[in-house]
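**Student:** Contents of upload.txt (compact mmCIF, C-alpha atoms (C1' of nucleotides)):
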```txt
# COMPACT_ATOMS: atom_id res chain seq x y z
CA MET H 1 26.68 32.99 39.30
CA THR H 2 28.45 29.78 38.38
CA GLU H 3 31.47 32.01 38.83
CA THR H 4 30.89 32.54 42.54
CA LEU H 5 29.86 28.93 43.07
CA LEU H 6 33.08 27.74 41.49
CA ALA H 7 35.12 29.94 43.80
CA PHE H 8 33.16 28.63 46.76
CA PHE H 9 33.83 25.00 45.88
CA LYS H 10 37.46 25.70 45.14
CA ALA H 11 37.83 27.32 48.53
CA LEU H 12 36.58 24.23 50.31
CA ALA H 13 38.11 21.64 48.00
CA HIS H 14 41.29 21.24 49.96
CA GLU H 15 41.93 19.16 53.03
CA SER H 16 43.75 21.87 54.94
CA ARG H 17 41.07 24.45 54.35
CA LEU H 18 38.29 22.03 55.18
CA ARG H 19 40.02 21.21 58.45
CA ILE H 20 40.46 24.91 59.16
CA VAL H 21 36.75 25.42 58.66
CA GLY H 22 36.09 22.54 61.02
CA LEU H 23 38.34 24.03 63.68
CA LEU H 24 36.90 27.50 63.28
CA ALA H 25 33.41 26.06 63.56
CA GLN H 26 34.32 25.08 67.11
CA ARG H 27 35.97 28.30 68.21
CA GLU H 28 38.16 31.12 66.97
CA HIS H 29 41.85 30.39 66.39
CA SER H 30 45.03 32.34 65.72
CA VAL H 31 47.31 31.58 62.80
CA GLN H 32 49.84 29.96 65.10
CA GLN H 33 47.30 27.68 66.65
CA LEU H 34 46.04 26.54 63.30
CA ALA H 35 49.59 26.00 62.08
CA ALA H 36 50.34 23.83 65.11
CA LEU H 37 47.13 21.84 64.83
CA LEU H 38 47.42 21.23 61.11
CA ASP H 39 51.17 20.70 61.20
CA LEU H 40 51.77 23.44 58.64
CA LYS H 41 53.92 26.55 58.61
CA GLU H 42 52.31 29.88 59.35
CA PRO H 43 52.60 31.33 55.85
CA THR H 44 50.74 28.35 54.50
CA VAL H 45 47.92 28.87 56.96
CA SER H 46 47.84 32.57 56.10
CA HIS H 47 47.49 31.60 52.47
CA HIS H 48 44.53 29.33 53.16
CA LEU H 49 42.85 31.85 55.40
CA ALA H 50 43.18 34.48 52.69
CA ILE H 51 41.28 32.23 50.30
CA LEU H 52 38.56 31.54 52.83
CA LYS H 53 38.29 35.24 53.67
CA GLU H 54 37.94 36.04 49.97
CA GLN H 55 34.80 33.92 49.99
CA GLY H 56 33.54 35.64 53.11
CA LEU H 57 33.71 32.35 54.99
CA VAL H 58 36.14 33.61 57.61
CA THR H 59 36.25 36.85 59.57
CA VAL H 60 39.07 38.32 61.63
CA ARG H 61 39.31 40.13 64.93
CA ALA H 62 42.63 41.74 65.86
CA GLU H 63 43.99 41.71 69.40
CA GLY H 64 47.47 43.14 69.60
CA THR H 65 49.53 41.42 66.95
CA THR H 66 47.49 38.25 67.02
CA ARG H 67 44.50 37.89 64.78
CA TRP H 68 41.61 35.70 65.85
CA HIS H 69 39.84 34.04 62.98
CA SER H 70 36.29 32.75 63.14
CA LEU H 71 33.89 31.05 60.77
CA ASP H 72 31.09 33.13 59.29
CA THR H 73 28.41 30.50 59.42
CA ALA H 74 25.90 32.79 57.75
CA ALA H 75 28.04 32.99 54.61
CA LEU H 76 28.51 29.24 54.60
CA GLU H 77 24.78 28.78 54.86
CA THR H 78 24.01 31.25 52.09
CA LEU H 79 26.40 29.60 49.70
CA SER H 80 25.38 26.04 50.36
CA ARG H 81 21.76 27.05 49.87
CA ARG H 82 22.74 28.39 46.49
CA VAL H 83 23.95 24.89 45.63
CA LEU H 84 20.47 23.58 46.27
CA GLU H 85 18.99 26.16 43.93
CA THR H 86 21.29 25.09 41.11
CA GLN H 87 19.47 21.85 40.65
CA GLN H 88 16.17 23.39 39.58
CA PRO H 89 15.43 21.57 36.31
CA ALA H 90 15.55 24.77 34.28
CA ALA H 91 12.49 26.27 32.66
CA PRO H 92 11.84 24.12 29.60
CA LEU H 93 9.27 26.34 28.04
CA ALA H 94 8.24 28.90 25.67
CA ALA H 95 8.22 32.31 24.07
CA ASP H 96 4.51 33.07 24.11
CA GLU H 97 1.48 31.18 25.36
CA ASP H 98 0.53 29.64 22.04
CA GLU H 99 3.95 28.14 21.65
CA ALA H 100 3.92 26.95 25.23
CA ARG H 101 0.77 24.93 24.65
CA ILE H 102 2.05 23.43 21.43
CA LEU H 103 5.39 22.47 22.94
CA ALA H 104 3.72 20.93 25.94
CA GLY H 105 1.97 18.59 23.54
CA PHE H 106 5.08 17.40 21.75
CA VAL H 107 7.78 17.48 24.40
CA ASP H 108 7.76 14.93 27.18
CA ALA H 109 8.92 15.24 30.76
CA ASP H 110 12.45 14.24 29.80
CA GLU H 111 12.63 17.10 27.32
CA ARG H 112 12.50 14.71 24.42
CA LEU H 113 10.36 15.12 21.33
CA LYS H 114 7.50 12.62 21.27
CA GLU H 115 7.06 12.98 17.52
CA ILE H 116 7.79 15.44 14.77
CA PRO H 117 4.63 17.47 14.22
CA ALA H 118 2.97 17.01 10.85
CA SER H 119 1.41 20.46 10.88
CA ARG H 120 3.74 23.05 9.40
CA ARG H 121 2.91 25.62 12.03
CA LYS H 122 3.48 23.26 14.93
CA ARG H 123 6.62 21.91 13.32
CA ALA H 124 7.98 25.45 13.13
CA VAL H 125 7.39 25.89 16.85
CA VAL H 126 9.30 22.72 17.60
CA LEU H 127 12.15 23.74 15.32
CA ARG H 128 12.50 27.08 17.09
CA TRP H 129 12.60 25.19 20.35
CA LEU H 130 15.36 22.94 19.01
CA MET H 131 17.38 25.95 17.91
CA ARG H 132 17.94 26.90 21.53
CA MET H 133 20.61 24.25 21.66
CA PHE H 134 22.75 26.03 19.09
CA GLU H 135 24.77 29.05 20.05
CA PRO H 136 25.09 31.93 17.61
CA GLY H 137 28.56 32.16 16.13
CA ARG H 138 29.60 28.65 17.11
CA ARG H 139 30.47 26.16 14.35
CA TYR H 140 29.25 22.56 14.56
CA SER H 141 30.34 19.45 12.71
CA GLU H 142 27.54 17.37 11.27
CA ALA H 143 28.27 14.75 13.92
CA GLU H 144 27.77 17.32 16.64
CA VAL H 145 24.52 18.50 15.18
CA ASN H 146 23.31 14.93 14.94
CA ALA H 147 24.34 14.09 18.47
CA TYR H 148 22.54 17.11 19.71
CA LEU H 149 19.35 16.52 17.82
CA LYS H 150 19.44 12.85 18.75
CA SER H 151 19.17 13.87 22.38
CA ARG H 152 15.73 15.14 21.46
CA HIS H 153 14.52 12.65 18.88
CA TRP H 154 15.88 9.57 17.14
CA ASP H 155 15.31 10.97 13.62
CA CYS H 156 18.02 13.55 13.71
CA ALA H 157 18.45 13.52 9.93
CA THR H 158 14.93 14.78 9.30
CA LEU H 159 15.25 17.40 11.99
CA ARG H 160 18.55 18.58 10.57
CA ARG H 161 17.10 18.91 7.08
CA GLU H 162 14.13 20.80 8.44
CA LEU H 163 16.34 23.23 10.32
CA VAL H 164 18.39 23.88 7.21
CA GLY H 165 15.25 24.19 5.10
CA HIS H 166 13.86 26.80 7.46
CA ARG H 167 17.09 28.79 7.21
CA MET H 168 17.70 28.33 10.91
CA LEU H 169 20.90 26.37 10.40
CA ASP H 170 23.16 26.87 7.42
CA ARG H 171 25.90 24.56 6.19
CA ASP H 172 29.01 24.51 4.08
CA ALA H 173 31.44 21.65 3.59
CA GLY H 174 30.03 19.62 6.45
CA ILE H 175 30.14 22.51 8.91
CA TYR H 176 26.93 23.91 10.37
CA TRP H 177 26.16 27.20 12.08
CA ARG H 178 23.18 29.05 13.38
CA LEU H 179 21.65 31.78 11.22
CA PRO H 180 20.32 34.99 12.75
CA LYS H 181 16.63 34.90 13.63
CA SER H 182 15.93 37.56 11.04
CA GLN H 183 16.61 35.00 8.31
CA TRP H 184 14.49 32.20 9.75
CA ARG H 185 11.63 31.13 7.50
CA ASP H 186 9.11 29.95 10.00
CA GLU H 187 5.34 30.12 9.96
CA ARG H 188 5.22 33.45 11.70
CA LEU H 189 7.08 35.09 8.86
CA GLU H 190 5.22 33.23 6.13
CA ALA H 191 1.85 34.13 7.57
CA MET Q 1 32.77 12.37 57.25
CA THR Q 2 35.12 15.22 56.39
CA GLU Q 3 36.48 12.62 53.99
CA THR Q 4 33.31 12.42 51.92
CA LEU Q 5 32.74 16.15 52.10
CA LEU Q 6 36.21 16.79 50.75
CA ALA Q 7 35.58 14.48 47.82
CA PHE Q 8 32.29 16.23 47.16
CA PHE Q 9 33.89 19.67 47.04
CA LYS Q 10 36.76 18.42 44.92
CA ALA Q 11 34.29 16.97 42.46
CA LEU Q 12 32.59 20.32 41.97
CA ALA Q 13 35.66 22.52 42.27
CA HIS Q 14 36.42 22.58 38.59
CA GLU Q 15 34.89 24.71 35.91
CA SER Q 16 34.35 21.90 33.43
CA ARG Q 17 32.62 19.68 35.97
CA LEU Q 18 30.49 22.51 37.27
CA ARG Q 19 29.38 23.26 33.73
CA ILE Q 20 28.65 19.58 33.17
CA VAL Q 21 26.45 19.56 36.24
CA GLY Q 22 24.68 22.64 34.92
CA LEU Q 23 24.04 21.00 31.56
CA LEU Q 24 22.90 17.74 33.11
CA ALA Q 25 20.55 19.68 35.35
CA GLN Q 26 18.70 20.70 32.21
CA ARG Q 27 18.58 17.36 30.44
CA GLU Q 28 20.57 14.19 29.89
CA HIS Q 29 23.57 14.35 27.57
CA SER Q 30 25.92 11.95 25.85
CA VAL Q 31 29.68 12.21 26.14
CA GLN Q 32 29.91 13.57 22.61
CA GLN Q 33 27.40 16.29 23.24
CA LEU Q 34 29.14 17.41 26.37
CA ALA Q 35 32.48 17.37 24.59
CA ALA Q 36 31.07 19.57 21.84
CA LEU Q 37 29.39 21.99 24.23
CA LEU Q 38 32.39 22.33 26.51
CA ASP Q 39 34.91 22.33 23.70
CA LEU Q 40 36.81 19.41 25.18
CA LYS Q 41 37.85 16.04 23.84
CA GLU Q 42 35.78 13.02 24.72
CA PRO Q 43 38.34 11.34 26.99
CA THR Q 44 38.47 14.49 29.06
CA VAL Q 45 34.72 14.48 29.48
CA SER Q 46 34.80 10.80 30.37
CA HIS Q 47 37.33 11.61 33.03
CA HIS Q 48 35.15 14.31 34.56
CA LEU Q 49 32.05 12.17 34.42
CA ALA Q 50 33.89 9.37 36.21
CA ILE Q 51 34.67 11.73 39.07
CA LEU Q 52 31.08 12.93 39.28
CA LYS Q 53 29.79 9.36 39.16
CA GLU Q 54 32.13 8.42 41.97
CA GLN Q 55 30.30 10.95 44.12
CA GLY Q 56 26.95 9.61 43.01
CA LEU Q 57 26.13 12.93 41.41
CA VAL Q 58 25.69 11.49 37.92
CA THR Q 59 23.89 8.37 36.73
CA VAL Q 60 24.08 6.64 33.36
CA ARG Q 61 21.58 5.00 31.04
CA ALA Q 62 22.93 3.01 28.10
CA GLU Q 63 21.27 3.03 24.70
CA GLY Q 64 23.27 1.14 22.14
CA THR Q 65 26.80 2.41 22.31
CA THR Q 66 25.84 5.83 23.54
CA ARG Q 67 25.50 6.47 27.23
CA TRP Q 68 23.09 9.10 28.46
CA HIS Q 69 24.20 10.85 31.60
CA SER Q 70 21.89 12.63 33.98
CA LEU Q 71 22.24 14.51 37.23
CA ASP Q 72 21.15 12.79 40.43
CA THR Q 73 19.62 15.78 42.11
CA ALA Q 74 18.83 13.78 45.23
CA ALA Q 75 22.53 13.11 45.81
CA LEU Q 76 23.37 16.75 45.25
CA GLU Q 77 20.74 17.73 47.76
CA THR Q 78 21.90 15.22 50.37
CA LEU Q 79 25.48 16.37 50.15
CA SER Q 80 24.81 20.09 50.24
CA ARG Q 81 22.60 19.55 53.26
CA ARG Q 82 25.54 17.89 54.92
CA VAL Q 83 27.46 21.12 54.42
CA LEU Q 84 24.87 22.93 56.45
CA GLU Q 85 25.22 20.45 59.28
CA THR Q 86 28.97 21.02 59.47
CA GLN Q 87 28.54 24.47 60.84
CA GLN Q 88 26.79 23.48 64.03
CA PRO Q 89 28.91 25.24 66.65
CA ALA Q 90 29.93 21.96 68.26
CA ALA Q 91 28.64 20.99 71.68
CA PRO Q 92 30.69 23.07 74.12
CA LEU Q 93 29.58 21.30 77.20
CA ALA Q 94 29.98 18.78 79.78
CA ALA Q 95 30.27 15.25 81.08
CA ASP Q 96 27.64 15.34 83.78
CA GLU Q 97 25.25 17.98 85.03
CA ASP Q 98 27.39 19.21 87.89
CA GLU Q 99 30.25 19.92 85.54
CA ALA Q 100 27.93 21.59 83.06
CA ARG Q 101 26.82 24.11 85.67
CA ILE Q 102 30.34 24.85 86.83
CA LEU Q 103 31.64 25.29 83.29
CA ALA Q 104 28.76 27.56 82.37
CA GLY Q 105 29.92 29.85 85.17
CA PHE Q 106 33.52 30.11 84.02
CA VAL Q 107 33.32 29.82 80.27
CA ASP Q 108 31.91 32.69 78.24
CA ALA Q 109 30.01 32.62 74.97
CA ASP Q 110 33.24 32.73 72.96
CA GLU Q 111 34.43 29.58 74.69
CA ARG Q 112 37.02 31.52 76.62
CA LEU Q 113 37.79 31.13 80.29
CA LYS Q 114 36.59 34.14 82.28
CA GLU Q 115 38.92 33.36 85.16
CA ILE Q 116 40.78 30.43 86.63
CA PRO Q 117 38.65 29.05 89.44
CA ALA Q 118 40.11 29.38 92.93
CA SER Q 119 38.26 26.36 94.27
CA ARG Q 120 40.21 23.16 93.68
CA ARG Q 121 37.13 21.22 92.67
CA LYS Q 122 36.00 23.80 90.16
CA ARG Q 123 39.52 24.21 88.86
CA ALA Q 124 39.67 20.48 88.19
CA VAL Q 125 36.49 20.69 86.16
CA VAL Q 126 37.96 23.47 84.05
CA LEU Q 127 41.20 21.57 83.55
CA ARG Q 128 39.34 18.51 82.32
CA TRP Q 129 37.52 20.79 79.92
CA LEU Q 130 40.82 22.20 78.67
CA MET Q 131 42.19 18.72 78.10
CA ARG Q 132 39.69 18.18 75.32
CA MET Q 133 41.98 20.21 73.10
CA PHE Q 134 44.78 17.69 73.35
CA GLU Q 135 44.64 14.49 71.40
CA PRO Q 136 45.95 11.28 72.96
CA GLY Q 137 49.19 10.16 71.37
CA ARG Q 138 50.00 13.50 69.78
CA ARG Q 139 53.17 15.32 70.87
CA TYR Q 140 53.10 19.07 71.43
CA SER Q 141 55.90 21.60 71.68
CA GLU Q 142 55.65 24.02 74.59
CA ALA Q 143 54.83 26.76 72.09
CA GLU Q 144 51.92 24.75 70.77
CA VAL Q 145 50.60 24.07 74.24
CA ASN Q 146 50.84 27.74 75.07
CA ALA Q 147 49.15 28.85 71.87
CA TYR Q 148 46.37 26.43 72.56
CA LEU Q 149 45.81 27.44 76.14
CA LYS Q 150 46.08 31.09 75.25
CA SER Q 151 43.03 30.68 73.05
CA ARG Q 152 41.14 30.02 76.29
CA HIS Q 153 42.85 32.31 78.79
CA TRP Q 154 45.71 34.77 78.79
CA ASP Q 155 47.56 33.05 81.63
CA CYS Q 156 48.64 30.00 79.72
CA ALA Q 157 51.64 29.41 81.96
CA THR Q 158 49.52 28.84 85.05
CA LEU Q 159 47.15 26.60 83.15
CA ARG Q 160 50.04 24.59 81.75
CA ARG Q 161 51.55 24.08 85.20
CA GLU Q 162 48.18 23.03 86.58
CA LEU Q 163 47.66 20.49 83.82
CA VAL Q 164 51.08 19.00 84.47
CA GLY Q 165 50.48 19.05 88.22
CA HIS Q 166 47.25 17.13 87.79
CA ARG Q 167 49.05 14.53 85.70
CA MET Q 168 46.88 15.35 82.72
CA LEU Q 169 49.80 16.51 80.60
CA ASP Q 170 53.29 15.14 80.98
CA ARG Q 171 56.50 16.65 79.65
CA ASP Q 172 60.05 15.79 78.77
CA ALA Q 173 62.69 17.98 77.16
CA GLY Q 174 60.18 20.62 76.12
CA ILE Q 175 57.78 18.14 74.57
CA TYR Q 176 54.32 17.63 76.03
CA TRP Q 177 51.77 14.87 75.63
CA ARG Q 178 48.46 13.86 77.05
CA LEU Q 179 48.38 11.25 79.81
CA PRO Q 180 45.62 8.61 79.94
CA LYS Q 181 42.63 9.59 82.05
CA SER Q 182 43.40 6.78 84.48
CA GLN Q 183 46.42 8.73 85.66
CA TRP Q 184 44.70 12.09 86.08
CA ARG Q 185 44.72 13.41 89.65
CA ASP Q 186 41.57 15.43 89.74
CA GLU Q 187 39.12 16.02 92.53
CA ARG Q 188 36.99 13.07 91.63
CA LEU Q 189 39.85 10.73 92.32
CA GLU Q 190 41.06 12.53 95.39
CA ALA Q 191 37.60 12.56 96.92
C1' DC T 1 63.77 54.27 68.92
C1' DT T 2 64.80 49.63 69.46
C1' DT T 3 63.41 45.05 70.30
C1' DG T 4 60.29 41.11 70.05
C1' DA T 5 56.29 38.53 68.60
C1' DA T 6 52.63 37.50 65.13
C1' DA T 7 51.38 37.75 60.70
C1' DT T 8 51.76 38.58 55.85
C1' DT T 9 54.16 38.94 51.38
C1' DA T 10 57.54 37.41 47.84
C1' DG T 11 59.65 34.03 45.37
C1' DA T 12 61.08 29.16 44.54
C1' DT T 13 60.00 24.33 44.41
C1' DA T 14 57.24 20.41 44.06
C1' DC T 15 53.12 17.84 43.63
C1' DA T 16 48.34 17.13 41.99
C1' DC T 17 45.58 16.80 38.28
C1' DA T 18 43.35 18.51 33.67
C1' DT T 19 43.98 17.71 29.13
C1' DC T 20 45.62 15.68 25.10
C1' DT T 21 46.78 11.68 21.59
C1' DA T 22 46.89 6.91 20.75
C1' DA T 23 45.29 2.48 21.77
C1' DT T 24 41.65 -0.49 23.48
C1' DT T 25 37.00 -2.07 24.70
C1' DA T 26 31.94 -2.62 23.99
C1' DG T 27 27.94 -2.55 21.27
C1' DA T 28 25.43 -2.43 16.81
C1' DT T 29 25.02 -3.60 12.03
C1' DA T 30 26.01 -5.63 7.72
C1' DT O 1 33.05 -12.41 11.10
C1' DA O 2 34.28 -7.73 9.77
C1' DT O 3 33.28 -3.06 10.34
C1' DC O 4 31.69 1.20 12.33
C1' DT O 5 30.64 4.20 16.21
C1' DA O 6 30.69 5.67 21.15
C1' DA O 7 33.13 5.39 24.99
C1' DT O 8 36.86 4.28 28.02
C1' DT O 9 41.70 3.39 29.35
C1' DA O 10 46.75 4.26 29.18
C1' DG O 11 50.40 7.20 29.09
C1' DA O 12 52.61 11.78 28.28
C1' DT O 13 52.59 16.70 28.89
C1' DG O 14 51.59 20.97 30.88
C1' DT O 15 49.28 24.09 34.13
C1' DG O 16 47.69 25.44 38.59
C1' DT O 17 48.44 25.77 43.20
C1' DA O 18 50.09 24.08 48.01
C1' DT O 19 53.94 24.48 50.55
C1' DC O 20 58.25 26.00 52.03
C1' DT O 21 62.12 29.61 53.36
C1' DA O 22 63.43 34.26 53.60
C1' DA O 23 62.25 38.93 53.86
C1' DT O 24 58.93 42.47 55.19
C1' DT O 25 55.13 44.52 57.76
C1' DT O 26 52.46 45.53 61.95
C1' DC O 27 51.74 46.19 66.61
C1' DA O 28 53.07 46.27 71.48
C1' DA O 29 56.45 46.94 75.13
C1' DG O 30 60.87 48.33 77.03
```
Can the structure from this file be put into structure tokens for me?
**Tutor:**
Amino acid sequence: MTETLLAFFKALAHESRLRIVGLLAQREHSVQQLAALLDLKEPTVSHHLAILKEQGLVTVRAEGTTRWHSLDTAALETLSRRVLETQQPAAPLAADEDEARILAGFVDADERLKEIPASRRKRAVVLRWLMRMFEPGRRYSEAEVNAYLKSRHWDCATLRRELVGHRMLDRDAGIYWRLPKSQWRDERLEA
Amino acid sequence: MTETLLAFFKALAHESRLRIVGLLAQREHSVQQLAALLDLKEPTVSHHLAILKEQGLVTVRAEGTTRWHSLDTAALETLSRRVLETQQPAAPLAADEDEARILAGFVDADERLKEIPASRRKRAVVLRWLMRMFEPGRRYSEAEVNAYLKSRHWDCATLRRELVGHRMLDRDAGIYWRLPKSQWRDERLEA
DNA sequence: CTTGAAATTAGATACACATCTAATTAGATA
DNA sequence: TATCTAATTAGATGTGTATCTAATTTCAAG
């Protein structure tokens, strides 16, 4: 997904290729023509066209030994629409409906924690939500953990202690890591 | 125009920056957080953020010494819409209505010349249309001129002679260039 | 089958830029 | 003021890739 988008941007992130796209948007061109117009050698143009073809942005029609290249505007449209989709603010919410309601009460529009819930059950929901920031297997310095938690609430120290206390994060010698969910001591397991 | 588009693509044509945009699409982050998540050093992240800010894709909010970065989705939208505009097939047509009708008769959907008009007046219209391919001030080798004309009609030699005869192109020692319109000898002037 | 033209492929060189460390700036706190 | 933290700037290094020349392929025409 981000893979294909990256390739798309890379394909267009060069002056020569962008000019080629502009020329092909007007009409089809041969390699020679493009080389003359861009003041490049033919192999260079071939190289650029290969990259654009790889992204499906350019199609070819052979006529004798010359190859007429045109722009596939449909592909260009598809891909640039995908850029627009990228910006969707990403589903902030929850595992099941109960949790969703609780989170909605404590998390504001900016995805920050309004306050740390006093109720143990609600606090556990919030802690599970915070754990989404930590990847399994990755190791975090205490500074990293703090920076991360601080993006959600100013009192990162309390949150960090809570996460450790619930066996969601573990620590040794200043290094933190995420524990598997099976070891988490949250309200669901205590109930 | 192509200038700003190029900068836009360059800004997003790198894995780290694309991932930063993805993260900022979810919520605001500090430099430290991004560095930790991307496994990069802070100066590197600063560098990438500077590039994104230059394109107006990222905005900053200071809070003490930490700076919270967010994605400006409006800018992203504006720019990706501009990509869609690029592909408009470029107005093929004409100076005044008379010319438009004549061209429509001789130029096919692929922007190629169906035949060279026998009538002097119509031929002049077509030659003026062909001259749009040649930039004022630019020098063209005979091969370039031929390649260009061939993209419109197989008989590039005849077209080339006609253009020279009408004082639209001039030549010396195998090099061609476009003459100013004031010197063109087309039907409008002869009439 | 040879020749010629258009394009691609291979390989070498050179330039752009991503990343790092070290040093500096800016803001907060004691 | 001195100190600490977050971030940026400066400068060095290394990687990726754009471009070139030379060689090879593909197709058409003698």
**Student:** Residues of chain Q within 10 Å of chain T, using all atoms listed in the file, as an MDAnalysis selection string?
**Tutor:** chainID Q and resid 14 16 40:41 43:45 47:48 63:66
**Student:** Residues of chain O no more than 8 Å from chain Q, counting all atoms listed in the file: send them over as JSON, numbers by chain.
**Tutor:** {"O": [5, 6, 7, 8]}
**Student:** I'd like the interatomic distance between atom CA of Q:Arg128 and atom CA of H:Leu38, to a tenth of an Å.
**Tutor:**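 Atom CA of Q:Arg128 sits 22.9 Å away from atom CA of H:Leu38.
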**Student:** One decimal, in Å: what's the spacing between atom CA of Q:Gln55 and atom C1' of O:DT19?
**Tutor:**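 Between these atoms lies a distance of 28.0 Å.
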**Student:** Which neighbours of Q:Asp155 fall inside 12 Å, counting all atoms listed in the file, when residues of the same chain fewer than 6 positions from it are skipped, and could you give them as number ranges by chain?
**Tutor:** Q: 112-116, 146-149, 161-162
